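K.L.:
Hey, dropping data16.cif in here, mmCIF, C-alpha atoms:
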```
data_model
#
loop_
_atom_site.label_atom_id
_atom_site.label_comp_id
_atom_site.auth_asym_id
_atom_site.auth_seq_id
_atom_site.Cartn_x
_atom_site.Cartn_y
_atom_site.Cartn_z
CA MET A 1 130.87 69.76 59.96
CA ARG A 2 133.23 68.31 62.53
CA ARG A 3 136.43 66.71 61.30
CA THR A 4 136.76 63.37 63.12
CA GLU A 5 138.40 60.05 62.37
CA ARG A 6 136.08 57.09 63.00
CA TYR A 7 137.26 53.74 64.37
CA PRO A 8 134.69 50.92 64.47
CA VAL A 9 134.74 48.40 67.35
CA LYS A 10 133.21 44.95 67.75
CA GLY A 11 131.67 43.46 70.85
CA ALA A 12 131.40 45.68 73.91
CA SER A 13 131.07 49.45 73.55
CA SER A 14 134.18 51.41 72.65
CA LEU A 15 134.47 52.76 76.19
CA TRP A 16 134.84 49.21 77.52
CA GLN A 17 137.76 48.89 75.09
CA ILE A 18 139.40 52.17 76.08
CA TYR A 19 142.83 50.76 76.92
CA LYS A 20 143.09 49.20 73.47
CA THR A 21 142.94 52.76 72.10
CA VAL A 22 145.09 54.65 74.62
CA SER A 23 147.62 53.60 77.26
CA PHE A 24 146.38 53.35 80.86
CA TRP A 25 149.56 55.10 82.02
CA LYS A 26 149.02 58.00 79.61
CA VAL A 27 145.47 58.46 80.91
CA ALA A 28 146.66 58.25 84.54
CA LYS A 29 149.41 60.85 83.96
CA THR A 30 147.06 63.12 82.03
CA PHE A 31 144.40 62.88 84.74
CA ILE A 32 146.87 63.88 87.47
CA VAL A 33 148.21 66.83 85.44
CA ILE A 34 144.72 68.05 84.57
CA GLN A 35 143.46 67.75 88.15
CA THR A 36 146.47 69.73 89.38
CA ALA A 37 145.89 72.42 86.74
CA ARG A 38 142.14 72.61 87.41
CA TYR A 39 142.73 73.81 90.95
CA THR A 40 145.84 75.97 90.58
CA PRO A 41 145.16 79.72 90.42
CA PHE A 42 148.41 80.42 88.50
CA LEU A 43 147.68 80.83 84.79
CA SER A 44 151.29 80.56 83.65
CA MET A 45 151.69 77.34 85.66
CA LYS A 46 148.60 75.82 84.01
CA ASN A 47 149.95 76.66 80.55
CA TRP A 48 153.33 75.18 81.48
CA LEU A 49 151.72 71.97 82.76
CA PHE A 50 149.57 71.61 79.65
CA ARG A 51 152.44 72.35 77.24
CA THR A 52 155.09 70.30 79.03
CA PHE A 53 153.23 67.18 80.12
CA LEU A 54 150.22 67.01 77.81
CA LYS A 55 151.84 68.36 74.61
CA MET A 56 148.99 70.81 74.08
CA LYS A 57 149.76 73.77 71.81
CA ILE A 58 148.93 76.94 73.75
CA GLY A 59 149.64 80.51 72.67
CA ASP A 60 151.04 83.33 74.80
CA LYS A 61 148.85 84.93 77.48
CA THR A 62 146.07 82.35 77.11
CA ALA A 63 144.06 81.88 80.31
CA PHE A 64 142.44 78.64 81.46
CA ALA A 65 140.03 79.46 84.30
CA LEU A 66 139.55 77.24 87.33
CA MET A 67 138.14 73.77 86.67
CA VAL A 68 138.71 73.72 82.89
CA MET A 69 138.82 70.08 81.73
CA PRO A 70 140.90 69.34 78.63
CA ASP A 71 140.60 65.90 77.05
CA THR A 72 142.03 63.20 79.33
CA MET A 73 142.89 60.72 76.58
CA PHE A 74 144.18 62.83 73.69
CA PRO A 75 145.09 66.32 74.99
CA GLU A 76 147.83 66.67 72.36
CA ARG A 77 145.02 67.13 69.82
CA ILE A 78 144.03 70.47 71.40
CA GLN A 79 145.46 73.76 70.13
CA VAL A 80 144.62 77.14 71.65
CA GLY A 81 145.82 80.46 70.22
CA SER A 82 147.20 83.52 71.99
CA ASN A 83 145.34 85.81 74.41
CA THR A 84 142.36 83.47 74.59
CA ILE A 85 140.16 82.88 77.66
CA ILE A 86 138.69 79.45 78.40
CA GLY A 87 135.94 79.95 80.99
CA TYR A 88 135.29 78.18 84.28
CA ASN A 89 134.47 74.46 84.09
CA THR A 90 134.67 74.27 80.29
CA THR A 91 135.30 70.82 78.79
CA ILE A 92 137.38 70.44 75.62
CA LEU A 93 137.00 66.98 74.07
CA ALA A 94 139.21 65.46 71.38
CA HIS A 95 137.52 62.04 71.59
CA GLU A 96 134.07 60.46 71.61
CA TYR A 97 133.58 56.87 72.76
CA LEU A 98 130.31 55.57 71.31
CA ILE A 99 128.60 52.16 71.21
CA GLU A 100 129.94 50.85 67.90
CA GLU A 101 132.86 53.19 67.29
CA TYR A 102 135.09 55.85 68.76
CA ARG A 103 136.03 59.12 67.12
CA LEU A 104 139.06 61.37 67.41
CA GLY A 105 139.34 64.95 66.21
CA ASP A 106 141.61 67.95 66.62
CA VAL A 107 140.20 71.00 68.40
CA ILE A 108 141.61 74.31 67.20
CA ILE A 109 140.74 77.47 69.12
CA GLY A 110 142.00 80.72 67.59
CA ASP A 111 143.55 83.89 68.95
CA ARG A 112 141.60 86.33 71.18
CA VAL A 113 138.70 83.89 71.63
CA MET A 114 136.48 84.07 74.69
CA ILE A 115 134.72 80.90 75.79
CA GLY A 116 132.13 81.30 78.54
CA ALA A 117 131.84 79.13 81.64
CA ASN A 118 130.43 75.60 81.55
CA SER A 119 130.76 75.20 77.79
CA THR A 120 131.54 71.90 76.06
CA ILE A 121 133.64 71.78 72.90
CA LEU A 122 133.29 68.60 70.85
CA PRO A 123 136.10 66.98 68.85
CA GLY A 124 136.91 68.12 65.35
CA VAL A 125 135.81 71.76 65.62
CA ILE A 126 137.60 74.97 64.79
CA ILE A 127 136.78 78.18 66.67
CA GLY A 128 137.96 81.15 64.63
CA ASP A 129 139.95 84.16 65.84
CA ASP A 130 138.05 86.79 67.86
CA ALA A 131 135.01 84.54 68.36
CA ILE A 132 132.86 84.68 71.51
CA VAL A 133 131.19 81.54 72.85
CA SER A 134 128.52 82.30 75.46
CA ALA A 135 128.32 80.38 78.74
CA ALA A 136 126.89 76.83 78.73
CA THR A 137 127.25 76.41 74.96
CA LEU A 138 127.61 73.02 73.26
CA VAL A 139 130.09 73.74 70.45
CA ASN A 140 129.10 71.00 68.03
CA ARG A 141 130.36 72.62 64.82
CA ASP A 142 132.85 75.25 63.65
CA VAL A 143 132.58 78.82 64.91
CA PRO A 144 133.37 81.45 62.27
CA ALA A 145 136.02 84.06 63.10
CA GLY A 146 134.55 87.05 64.92
CA ALA A 147 131.14 85.43 65.50
CA PHE A 148 129.18 85.45 68.76
CA VAL A 149 127.59 82.03 69.37
CA GLY A 150 125.62 80.34 72.11
CA GLY A 151 123.12 77.66 73.05
CA ASN A 152 122.66 73.92 73.06
CA PRO A 153 123.07 73.10 70.28
CA MET A 154 125.14 76.11 69.32
CA GLN A 155 123.59 78.80 67.15
CA ILE A 156 125.17 81.89 65.61
CA ILE A 157 123.78 84.89 67.50
CA TYR A 158 125.79 87.56 65.65
CA THR A 159 128.12 87.21 62.65
CA LYS A 160 131.46 89.02 62.53
CA GLU A 161 129.89 91.75 60.41
CA GLN A 162 126.99 92.21 62.83
CA MET A 163 129.42 92.36 65.78
CA GLU A 164 131.49 95.03 64.00
CA ALA A 165 128.34 97.04 63.27
CA LYS A 166 127.29 96.85 66.94
CA LYS A 167 130.76 98.02 68.05
CA SER A 168 130.61 100.90 65.57
CA ILE A 169 127.19 102.01 66.87
CA ASN A 170 128.34 101.72 70.50
CA SER A 171 131.51 103.74 69.88
CA LYS A 172 129.48 106.53 68.21
CA ASN A 173 127.13 106.66 71.21
CA SER A 174 130.00 106.89 73.71
#
```
Take the structure in the file and write it out as structure tokens.
P.N.:
Amino acid sequence: MRRTERYPVKGASSLWQIYKTVSFWKVAKTFIVIQTARYTPFLSMKNWLFRTFLKMKIGDKTAFALMVMPDTMFPERIQVGSNTIIGYNTTILAHEYLIEEYRLGDVIIGDRVMIGANSTILPGVIIGDDAIVSAATLVNRDVPAGAFVGGNPMQIIYTKEQMEAKKSINSKNS
């Protein structure tokens, strides 16, 4: 279950009412910072940009690959742990603008998480420590710590216990 706050709107869709929900200048600044970070190859610079200008909480040694797209309206609602990899062209959303409402939700990504390229993370989800998200996954619900997940919509491929058993078997065969 995703944890989102729901805000109903009347009249035109919530996206047509965007600047009633967030400042135009905040979106413009965020867009410029994100576009700069998407193309820079310097991981520490990306983290500095995200922490300093977007107020994202990012742990030490976390790596955002090229073209990663954090939320442009509410990036301060994104938290990423330490030593985590966010794969190429991944989108992390903290908002959803729908026809009759918009929703906001914090995204919390744990420590030592690996998120594959071209994944989309929806608002209000928690990805537990040591989880692996395969490429092109739609993360539409929480990911348990240590699990290996993938697909659209996301499915659990291996639980933490199954992953530990596989590692144990592989280490014995080495």
K.L.:
When the PyMOL selection byres ((chain A and resi 76) around 9) is applied to the structure above, which residues does it catch, written out as number ranges by chain?
P.N.:
A: 50-51, 54-57, 71, 73-75, 77-79, 94, 106
K.L.:
Nearest to Ala65 of chain A: which of A:Ile126, A:Val80, A:Ile169, A:Ala37 is it, counting all atoms listed in the file?
P.N.:
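Counting all atoms listed in the file, the residue closest to Ala65 of chain A is A:Ala37.
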K.L.:
Just to confirm, what's the straight-line distance from atom CA of Arg112 of chain A to atom CA of Glu164 of chain A in Å (one decimal)?
P.N.:
15.1 Å
K.L.:
Would you list the contacts of Thr62 of chain A as a list in words, taking every protein, DNA or RNA residue within 6 Å and counting all atoms listed in the file, but skipping same-chain residues closer than 6 positions in sequence?
P.N.:
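After dropping sequence-adjacent residues, the list is Ser82, Asn83, Thr84 and Ile85 of chain A.
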K.L.:
Using C-alpha atoms, can you write the selected residues to a file as an mmCIF file, in the frame of the given file?
P.N.:
```cif
data_model
loop_
_atom_site.group_PDB
_atom_site.id
_atom_site.type_symbol
_atom_site.label_atom_id
_atom_site.label_comp_id
_atom_site.auth_asym_id
_atom_site.auth_seq_id
_atom_site.Cartn_x
_atom_site.Cartn_y
_atom_site.Cartn_z
ATOM 1 C CA SER A 82 147.200 83.520 71.990
ATOM 2 C CA ASN A 83 145.340 85.810 74.410
ATOM 3 C CA THR A 84 142.360 83.470 74.590
ATOM 4 C CA ILE A 85 140.160 82.880 77.660
#
```
K.L.:
Residues at most 12 Å from Met69 of chain A, counting all atoms listed in the file, excluding those fewer than 4 positions away in the same chain, as number ranges by chain?
P.N.:
A: 30-39, 46, 50, 64-65, 73, 75, 78, 86-94, 117-121
K.L.:
Take atom CA of Trp48 of chain A and atom CA of Lys29 of chain A and report the distance between them in Å, one decimal.
P.N.:
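Between atom CA of Trp48 of chain A and atom CA of Lys29 of chain A the gap works out to 15.1 Å.
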K.L.:
Nearest residue to Lys26 of chain A out of A:Ala145, A:Phe53, A:Val9, A:Leu122, using only C-alpha atoms?
P.N.:
A:Phe53
K.L.:
Decode the PyMOL selection byres ((chain A and resi 113) around 7) for the given file into explicit residues and return them as a list in words.
P.N.:
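What the PyMOL selection byres ((chain A and resi 113) around 7) grabs from the file is Thr84, Ile85, Gly110, Asp111, Arg112, Met114, Ile115, Asp129, Asp130, Ala131 and Ile132 of chain A.
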K.L.:
What would segment 93-104 of chain A look like with all heavy atoms in place, written as an mmCIF file, in the frame of the given file?
P.N.:
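Just written: out-v5.cif:
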```cif
data_model
loop_
_atom_site.group_PDB
_atom_site.id
_atom_site.type_symbol
_atom_site.label_atom_id
_atom_site.label_comp_id
_atom_site.auth_asym_id
_atom_site.auth_seq_id
_atom_site.Cartn_x
_atom_site.Cartn_y
_atom_site.Cartn_z
ATOM 1 N N LEU A 93 136.867 68.398 74.417
ATOM 2 C CA LEU A 93 137.000 66.980 74.070
ATOM 3 C C LEU A 93 137.681 66.807 72.714
ATOM 4 O O LEU A 93 137.355 67.515 71.764
ATOM 5 C CB LEU A 93 135.633 66.314 74.026
ATOM 6 C CG LEU A 93 134.880 66.250 75.348
ATOM 7 C CD1 LEU A 93 133.456 65.765 75.129
ATOM 8 C CD2 LEU A 93 135.621 65.341 76.318
ATOM 9 N N ALA A 94 138.599 65.840 72.646
ATOM 10 C CA ALA A 94 139.210 65.460 71.380
ATOM 11 C C ALA A 94 138.833 64.017 71.026
ATOM 12 O O ALA A 94 139.336 63.451 70.068
ATOM 13 C CB ALA A 94 140.729 65.610 71.456
ATOM 14 N N HIS A 95 137.959 63.421 71.829
ATOM 15 C CA HIS A 95 137.520 62.040 71.590
ATOM 16 C C HIS A 95 136.027 61.900 71.884
ATOM 17 O O HIS A 95 135.464 62.698 72.633
ATOM 18 C CB HIS A 95 138.290 61.057 72.477
ATOM 19 C CG HIS A 95 137.799 61.053 73.888
ATOM 20 N ND1 HIS A 95 138.248 61.954 74.835
ATOM 21 C CD2 HIS A 95 136.869 60.280 74.515
ATOM 22 C CE1 HIS A 95 137.623 61.725 75.987
ATOM 23 N NE2 HIS A 95 136.773 60.717 75.822
ATOM 24 N N GLU A 96 135.432 60.880 71.289
ATOM 25 C CA GLU A 96 134.070 60.460 71.610
ATOM 26 C C GLU A 96 134.078 58.930 71.601
ATOM 27 O O GLU A 96 134.421 58.327 70.590
ATOM 28 C CB GLU A 96 133.058 60.917 70.559
ATOM 29 C CG GLU A 96 132.891 62.392 70.444
ATOM 30 C CD GLU A 96 131.950 62.768 69.304
ATOM 31 O OE1 GLU A 96 132.175 62.321 68.157
ATOM 32 O OE2 GLU A 96 131.014 63.523 69.578
ATOM 33 N N TYR A 97 133.719 58.326 72.713
ATOM 34 C CA TYR A 97 133.580 56.870 72.760
ATOM 35 C C TYR A 97 132.091 56.559 72.667
ATOM 36 O O TYR A 97 131.311 56.924 73.538
ATOM 37 C CB TYR A 97 134.191 56.313 74.047
ATOM 38 C CG TYR A 97 135.701 56.279 73.992
ATOM 39 C CD1 TYR A 97 136.464 57.316 74.493
ATOM 40 C CD2 TYR A 97 136.358 55.206 73.403
ATOM 41 C CE1 TYR A 97 137.843 57.299 74.423
ATOM 42 C CE2 TYR A 97 137.752 55.174 73.320
ATOM 43 C CZ TYR A 97 138.480 56.225 73.830
ATOM 44 O OH TYR A 97 139.854 56.197 73.753
ATOM 45 N N LEU A 98 131.706 55.860 71.598
ATOM 46 C CA LEU A 98 130.310 55.570 71.310
ATOM 47 C C LEU A 98 130.086 54.053 71.408
ATOM 48 O O LEU A 98 131.001 53.300 71.745
ATOM 49 C CB LEU A 98 129.945 56.104 69.934
ATOM 50 C CG LEU A 98 130.270 57.586 69.714
ATOM 51 C CD1 LEU A 98 130.086 57.980 68.266
ATOM 52 C CD2 LEU A 98 129.442 58.456 70.630
ATOM 53 N N ILE A 99 128.904 53.590 71.101
ATOM 54 C CA ILE A 99 128.600 52.160 71.210
ATOM 55 C C ILE A 99 129.402 51.335 70.212
ATOM 56 O O ILE A 99 130.104 50.404 70.602
ATOM 57 C CB ILE A 99 127.079 51.909 71.007
ATOM 58 C CG1 ILE A 99 126.260 52.705 72.026
ATOM 59 C CG2 ILE A 99 126.766 50.407 71.081
ATOM 60 C CD1 ILE A 99 126.469 52.306 73.463
ATOM 61 N N GLU A 100 129.322 51.678 68.935
ATOM 62 C CA GLU A 100 129.940 50.850 67.900
ATOM 63 C C GLU A 100 131.213 51.433 67.298
ATOM 64 O O GLU A 100 131.773 50.860 66.370
ATOM 65 C CB GLU A 100 128.924 50.565 66.793
ATOM 66 C CG GLU A 100 127.751 49.748 67.310
ATOM 67 C CD GLU A 100 126.708 49.467 66.236
ATOM 68 O OE1 GLU A 100 126.811 50.013 65.120
ATOM 69 O OE2 GLU A 100 125.793 48.696 66.543
ATOM 70 N N GLU A 101 131.641 52.577 67.806
ATOM 71 C CA GLU A 101 132.860 53.190 67.290
ATOM 72 C C GLU A 101 133.362 54.237 68.274
ATOM 73 O O GLU A 101 132.652 54.630 69.198
ATOM 74 C CB GLU A 101 132.611 53.866 65.936
ATOM 75 C CG GLU A 101 131.738 55.099 66.008
ATOM 76 C CD GLU A 101 131.499 55.750 64.649
ATOM 77 O OE1 GLU A 101 131.870 55.182 63.607
ATOM 78 O OE2 GLU A 101 130.936 56.851 64.648
ATOM 79 N N TYR A 102 134.611 54.654 68.065
ATOM 80 C CA TYR A 102 135.090 55.850 68.760
ATOM 81 C C TYR A 102 135.613 56.798 67.698
ATOM 82 O O TYR A 102 135.954 56.401 66.588
ATOM 83 C CB TYR A 102 136.131 55.518 69.836
ATOM 84 C CG TYR A 102 137.472 55.018 69.337
ATOM 85 C CD1 TYR A 102 138.546 55.880 69.175
ATOM 86 C CD2 TYR A 102 137.666 53.665 69.063
ATOM 87 C CE1 TYR A 102 139.780 55.417 68.743
ATOM 88 C CE2 TYR A 102 138.898 53.190 68.636
ATOM 89 C CZ TYR A 102 139.947 54.065 68.483
ATOM 90 O OH TYR A 102 141.159 53.610 68.057
ATOM 91 N N ARG A 103 135.621 58.081 68.060
ATOM 92 C CA ARG A 103 136.030 59.120 67.120
ATOM 93 C C ARG A 103 137.077 60.001 67.770
ATOM 94 O O ARG A 103 136.987 60.296 68.964
ATOM 95 C CB ARG A 103 134.837 59.989 66.721
ATOM 96 C CG ARG A 103 133.725 59.242 66.047
ATOM 97 C CD ARG A 103 132.556 60.143 65.772
ATOM 98 N NE ARG A 103 131.400 59.359 65.372
ATOM 99 C CZ ARG A 103 130.164 59.814 65.361
ATOM 100 N NH1 ARG A 103 129.919 61.064 65.735
ATOM 101 N NH2 ARG A 103 129.175 59.042 64.992
ATOM 102 N N LEU A 104 138.024 60.437 66.964
ATOM 103 C CA LEU A 104 139.060 61.370 67.410
ATOM 104 C C LEU A 104 139.052 62.565 66.472
ATOM 105 O O LEU A 104 138.855 62.411 65.266
ATOM 106 C CB LEU A 104 140.443 60.723 67.386
ATOM 107 C CG LEU A 104 140.622 59.436 68.187
ATOM 108 C CD1 LEU A 104 142.033 58.896 68.006
ATOM 109 C CD2 LEU A 104 140.318 59.666 69.641
#
```
